[in-house]
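Enquirer: Can you read through this structure? Questions will come right after.
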Protein chains: 2
Amino acid sequence: MLKLVILGTGNLSKHLGRAFTRAQGVELVQWVGRNALELEKAAGSIPHTTDFGSIAQGDIYLIAVGDDAIGEVSIPLADRKGLVVHTSGTVPLEALRGKDRGVFYPLQSFSAQREVDFGEIPICIEAERPASLERLRALAGTLSKEVHEMGSHQRKILHLAAVFVNNFTNALYGLGQEICQGEGLDFELLKPLILETAQKVQTLPPQEAQTGPARRGDLRTMQSHLELLKKKKHRELYILLSEMIRENRPLGPGDPTASPWTDQQ
Amino acid sequence: MLKLVILGTGNLSKHLGRAFTRAQGVELVQWVGRNALELEKAAGSIPHTTDFGSIAQGDIYLIAVGDDAIGEVSIPLADRKGLVVHTSGTVPLEALRGKDRGVFYPLQSFSAQREVDFGEIPICIEAERPASLERLRALAGTLSKEVHEMGSHQRKILHLAAVFVNNFTNALYGLGQEICQGEGLDFELLKPLILETAQKVQTLPPQEAQTGPARRGDLRTMQSHLELLKKKKHRELYILLSEMIRENRPLGPGDPTASPWTDQQ
């Protein structure tokens, strides 16, 4: 039985805490956090403390706090025997104090409002010692069947890719909503399309799934779209993404040019 | 029983044809197309012809061809009694020849490789005559419970919004894949995140679902991301989308600035 201590009371720590409470082979021995109210809500009947001087003995200390706080939160654990890990996509392992350090990064977007099934979520692990890596693999394996070992640089790159497919994609959803609202159209209309777009690339590579005026080189439609966009940034974004789509299309014979805006006969 | 003639042998016409074959209250009386091979594949046992001079009599003629061909394909139908409709998001109703004209635009992304369930897909309809609008409503109602009447301008705006949430979102998926591949990371890792991002906005407004460094104003992470991006266009895109996210966040007190790049203390 792995004895686990969780530090932090944010979204991710709450999702992880709930998941570990239900997992086999893990005992959540203590929850530690500064915010007494949030800690109470998160920990419930699990032993908990706001005193970072009273951290219980654990096999693994899971630090799930904001990137900037990771180093500081790890200081009281610097001399512990257990494995000290953080959960960030961008922070290097070296930011941690501790004799035995690691990373446990679940690649998913966590919201307070939505329950998450960890079973399919990739968990990226890293550790300095082989035995610690195996221990992290065991811990991650209690939640997910997708456990991947990678270094801090690869994890950072993966986080960057995640910003594009998650944060920036969501921004495009917001822009779609804004465009609709301007004409009294309901965002509901776009929801099946949003879902199908995401489902399609589960089985089809994005390049093959690509459709639309930019992919076809349909300049007339693209021009009329630019005339409909009222904000300069939205037009810049339209042009930039259209050019990227055009550059990434599979080239046929006699179809050598890159920019849709210089493609015209 | 509505007598339907389909014109065209592209993706959309095939999806519609298959769906109407199974629908109650519609009889697909003929399939018309230039491409004999594709027509044979699409129509199967349904009467079909490549001769645009031999179009059967129908209540509704559904023209599902490329935007540029719509006007031309409608010419042989100019004097028919039936309702002549196209299926485009961007082409105005007036592009059609015919005494009785309309539009039947299903808002979804159709691929040859993927079966589509029309039941939840918004179908946008438009017609010049009230009786024709009712007829289109009946036709659309055999496939979907989401039938919406709108004019050509609104449809065009909706199509523009769809380009952002579908074509451009897919381009971001492609960029995520490119970033991963550059470091030997499998695109598979991003798939659960892509799906969750789309599922989240089914119940949560995009502005509330927004997370990430730009939303938090985490300049250090954003700066390190820009340093990791090798292509100028990718950096431009990162900055543009981050600025949009920052501008669209709900403003708190003492948090008046818009650009994340000028936000630093």
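Just so we're on the same page: first chain in the structure tokens is A, next is B, and so on; residues restart at 1 for each chain, and ligands are numbered from 1 in the order they show up.
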Restrict the distance test to only C-alpha atoms, flag each residue of chain B within 7 Å of chain A, and return the flagged residues as a PyMOL selection string.
Expert: chain B and resi 108-109+121-122+154+157-158+160-174+176+179-180+183+189-195+197-199+202+206-207+210-212+225+241+245
Enquirer: Could you save those same residues with N, CA and C atoms as a compact mmCIF listing (two decimals), in the first residue's frame?
Expert:
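Now in again-v5.txt:
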```txt
# COMPACT_ATOMS: atom_id res chain seq x y z
N GLN B 108 -22.61 20.86 -40.33
CA GLN B 108 -21.75 19.80 -39.83
C GLN B 108 -20.60 19.62 -40.80
N SER B 109 -19.52 18.98 -40.34
CA SER B 109 -18.38 18.69 -41.19
C SER B 109 -18.50 17.24 -41.66
N ILE B 121 -27.97 17.32 -35.72
CA ILE B 121 -27.32 18.33 -36.54
C ILE B 121 -28.29 19.47 -36.87
N PRO B 122 -27.89 20.73 -36.59
CA PRO B 122 -28.76 21.84 -36.97
C PRO B 122 -28.89 21.92 -38.50
N GLN B 154 -27.52 35.62 -42.18
CA GLN B 154 -27.29 34.90 -40.93
C GLN B 154 -26.58 33.57 -41.18
N ILE B 157 -22.94 34.17 -41.72
CA ILE B 157 -22.27 34.44 -40.44
C ILE B 157 -22.04 33.12 -39.69
N LEU B 158 -23.06 32.28 -39.70
CA LEU B 158 -22.94 30.99 -39.02
C LEU B 158 -21.83 30.15 -39.65
N LEU B 160 -19.23 31.33 -41.16
CA LEU B 160 -17.97 31.94 -40.73
C LEU B 160 -17.59 31.47 -39.34
N ALA B 161 -18.55 31.46 -38.42
CA ALA B 161 -18.28 30.96 -37.06
C ALA B 161 -17.85 29.50 -37.11
N ALA B 162 -18.47 28.74 -38.01
CA ALA B 162 -18.14 27.32 -38.16
C ALA B 162 -16.70 27.13 -38.64
N VAL B 163 -16.23 28.03 -39.50
CA VAL B 163 -14.84 27.97 -39.96
C VAL B 163 -13.90 28.08 -38.77
N PHE B 164 -14.21 28.95 -37.83
CA PHE B 164 -13.35 29.11 -36.65
C PHE B 164 -13.38 27.86 -35.76
N VAL B 165 -14.58 27.36 -35.44
CA VAL B 165 -14.65 26.25 -34.47
C VAL B 165 -14.37 24.89 -35.11
N ASN B 166 -14.41 24.83 -36.43
CA ASN B 166 -14.16 23.55 -37.10
C ASN B 166 -12.83 23.57 -37.87
N ASN B 167 -12.74 24.34 -38.96
CA ASN B 167 -11.53 24.33 -39.79
C ASN B 167 -10.31 24.81 -39.02
N PHE B 168 -10.46 25.93 -38.31
CA PHE B 168 -9.30 26.51 -37.62
C PHE B 168 -8.93 25.68 -36.38
N THR B 169 -9.94 25.16 -35.69
CA THR B 169 -9.67 24.28 -34.56
C THR B 169 -8.89 23.05 -35.03
N ASN B 170 -9.31 22.49 -36.15
CA ASN B 170 -8.59 21.34 -36.69
C ASN B 170 -7.14 21.70 -37.05
N ALA B 171 -6.94 22.94 -37.53
CA ALA B 171 -5.58 23.40 -37.83
C ALA B 171 -4.74 23.45 -36.54
N LEU B 172 -5.36 23.84 -35.43
CA LEU B 172 -4.65 23.84 -34.14
C LEU B 172 -4.30 22.41 -33.71
N TYR B 173 -5.21 21.48 -33.97
CA TYR B 173 -4.90 20.07 -33.68
C TYR B 173 -3.66 19.66 -34.48
N GLY B 174 -3.63 20.07 -35.74
CA GLY B 174 -2.50 19.74 -36.61
C GLY B 174 -1.20 20.35 -36.09
N GLY B 176 -0.63 21.08 -32.94
CA GLY B 176 -0.28 20.30 -31.74
C GLY B 176 0.47 19.03 -32.13
N ILE B 179 4.04 19.94 -33.24
CA ILE B 179 4.89 20.24 -32.08
C ILE B 179 5.33 18.94 -31.39
N CYS B 180 4.38 18.02 -31.23
CA CYS B 180 4.70 16.73 -30.61
C CYS B 180 5.71 15.94 -31.43
N GLU B 183 9.43 16.36 -31.26
CA GLU B 183 10.15 15.84 -30.08
C GLU B 183 9.90 14.35 -29.88
N LEU B 189 -1.26 11.20 -27.24
CA LEU B 189 -1.25 11.80 -25.91
C LEU B 189 -2.24 12.96 -25.80
N LEU B 190 -2.44 13.68 -26.91
CA LEU B 190 -3.29 14.88 -26.88
C LEU B 190 -4.78 14.56 -27.07
N LYS B 191 -5.10 13.36 -27.52
CA LYS B 191 -6.49 13.08 -27.92
C LYS B 191 -7.51 13.19 -26.79
N PRO B 192 -7.21 12.67 -25.59
CA PRO B 192 -8.22 12.85 -24.52
C PRO B 192 -8.44 14.33 -24.18
N LEU B 193 -7.39 15.12 -24.25
CA LEU B 193 -7.51 16.55 -23.96
C LEU B 193 -8.35 17.26 -25.03
N ILE B 194 -8.13 16.90 -26.28
CA ILE B 194 -8.91 17.46 -27.38
C ILE B 194 -10.40 17.18 -27.17
N LEU B 195 -10.70 15.96 -26.81
CA LEU B 195 -12.10 15.56 -26.62
C LEU B 195 -12.73 16.27 -25.42
N THR B 197 -11.85 19.11 -24.14
CA THR B 197 -12.00 20.54 -24.44
C THR B 197 -13.31 20.79 -25.18
N ALA B 198 -13.63 19.91 -26.13
CA ALA B 198 -14.88 20.04 -26.90
C ALA B 198 -16.10 19.70 -26.04
N GLN B 199 -15.94 18.69 -25.17
CA GLN B 199 -17.08 18.28 -24.33
C GLN B 199 -17.40 19.35 -23.28
N GLN B 202 -19.82 22.01 -24.20
CA GLN B 202 -21.21 21.58 -24.42
C GLN B 202 -22.08 22.05 -23.25
N PRO B 206 -17.55 29.07 -23.24
CA PRO B 206 -16.10 29.08 -23.49
C PRO B 206 -15.34 30.02 -22.56
N GLN B 207 -15.91 31.17 -22.27
CA GLN B 207 -15.19 32.12 -21.41
C GLN B 207 -14.95 31.52 -20.01
N GLN B 210 -12.26 28.69 -20.09
CA GLN B 210 -10.90 29.09 -20.47
C GLN B 210 -9.91 28.90 -19.31
N THR B 211 -8.81 28.23 -19.60
CA THR B 211 -7.72 28.08 -18.64
C THR B 211 -6.40 28.36 -19.38
N GLY B 212 -5.29 28.21 -18.68
CA GLY B 212 -3.99 28.30 -19.34
C GLY B 212 -3.21 29.54 -18.98
N HIS B 225 7.30 29.43 -23.74
CA HIS B 225 6.64 28.79 -24.89
C HIS B 225 7.09 29.44 -26.21
N LEU B 241 -3.50 34.75 -30.19
CA LEU B 241 -4.52 34.04 -29.42
C LEU B 241 -4.40 34.35 -27.93
N ILE B 245 -7.35 35.93 -25.61
CA ILE B 245 -7.78 35.31 -24.34
C ILE B 245 -7.72 36.33 -23.21
```
Enquirer: List every residue of stretch 6-247 of chain B that DSSP, applied to the backbone of this structure, assigns to strand (DSSP E or B), and report them as number ranges by chain.
Expert: B: 6-7, 26-32, 48-49, 60-63, 83-86, 101-106, 123-127, 147-149
Enquirer: How far is it from atom CA of A:Gly89 to atom CA of A:Glu126, in Å with one decimal?
Expert: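 We find that atom CA of A:Gly89 and atom CA of A:Glu126 lie 11.2 Å from each other.
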Enquirer: Counting only C-alpha atoms, what is within 7 Å of stretch 17-26 of chain B, bar same-chain residues fewer than 3 positions away, as a PyMOL selection string?
Expert: chain B and resi 1-4+13-14+142-143
Enquirer: Can you write out the residues you just picked, keeping C-alpha atoms, as an mmCIF file, in the first residue's frame?
Expert:
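Result saved to again.cif:
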```cif
data_model
loop_
_atom_site.group_PDB
_atom_site.id
_atom_site.type_symbol
_atom_site.label_atom_id
_atom_site.label_comp_id
_atom_site.auth_asym_id
_atom_site.auth_seq_id
_atom_site.Cartn_x
_atom_site.Cartn_y
_atom_site.Cartn_z
ATOM 1 C CA MET B 1 -44.755 11.501 -49.219
ATOM 2 C CA LEU B 2 -42.216 14.136 -50.371
ATOM 3 C CA LYS B 3 -40.664 13.248 -53.714
ATOM 4 C CA LEU B 4 -36.983 14.170 -53.598
ATOM 5 C CA SER B 13 -24.898 14.503 -51.168
ATOM 6 C CA LYS B 14 -23.905 10.949 -50.256
ATOM 7 C CA THR B 142 -37.369 13.787 -41.264
ATOM 8 C CA LEU B 143 -33.627 13.886 -40.482
#
```
Enquirer: What is the distance between atom CA of A:Arg101 and atom CA of A:Val84, in Å to one decimal?
Expert: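 According to the coordinates, atom CA of A:Arg101 and atom CA of A:Val84 are separated by 4.9 Å.
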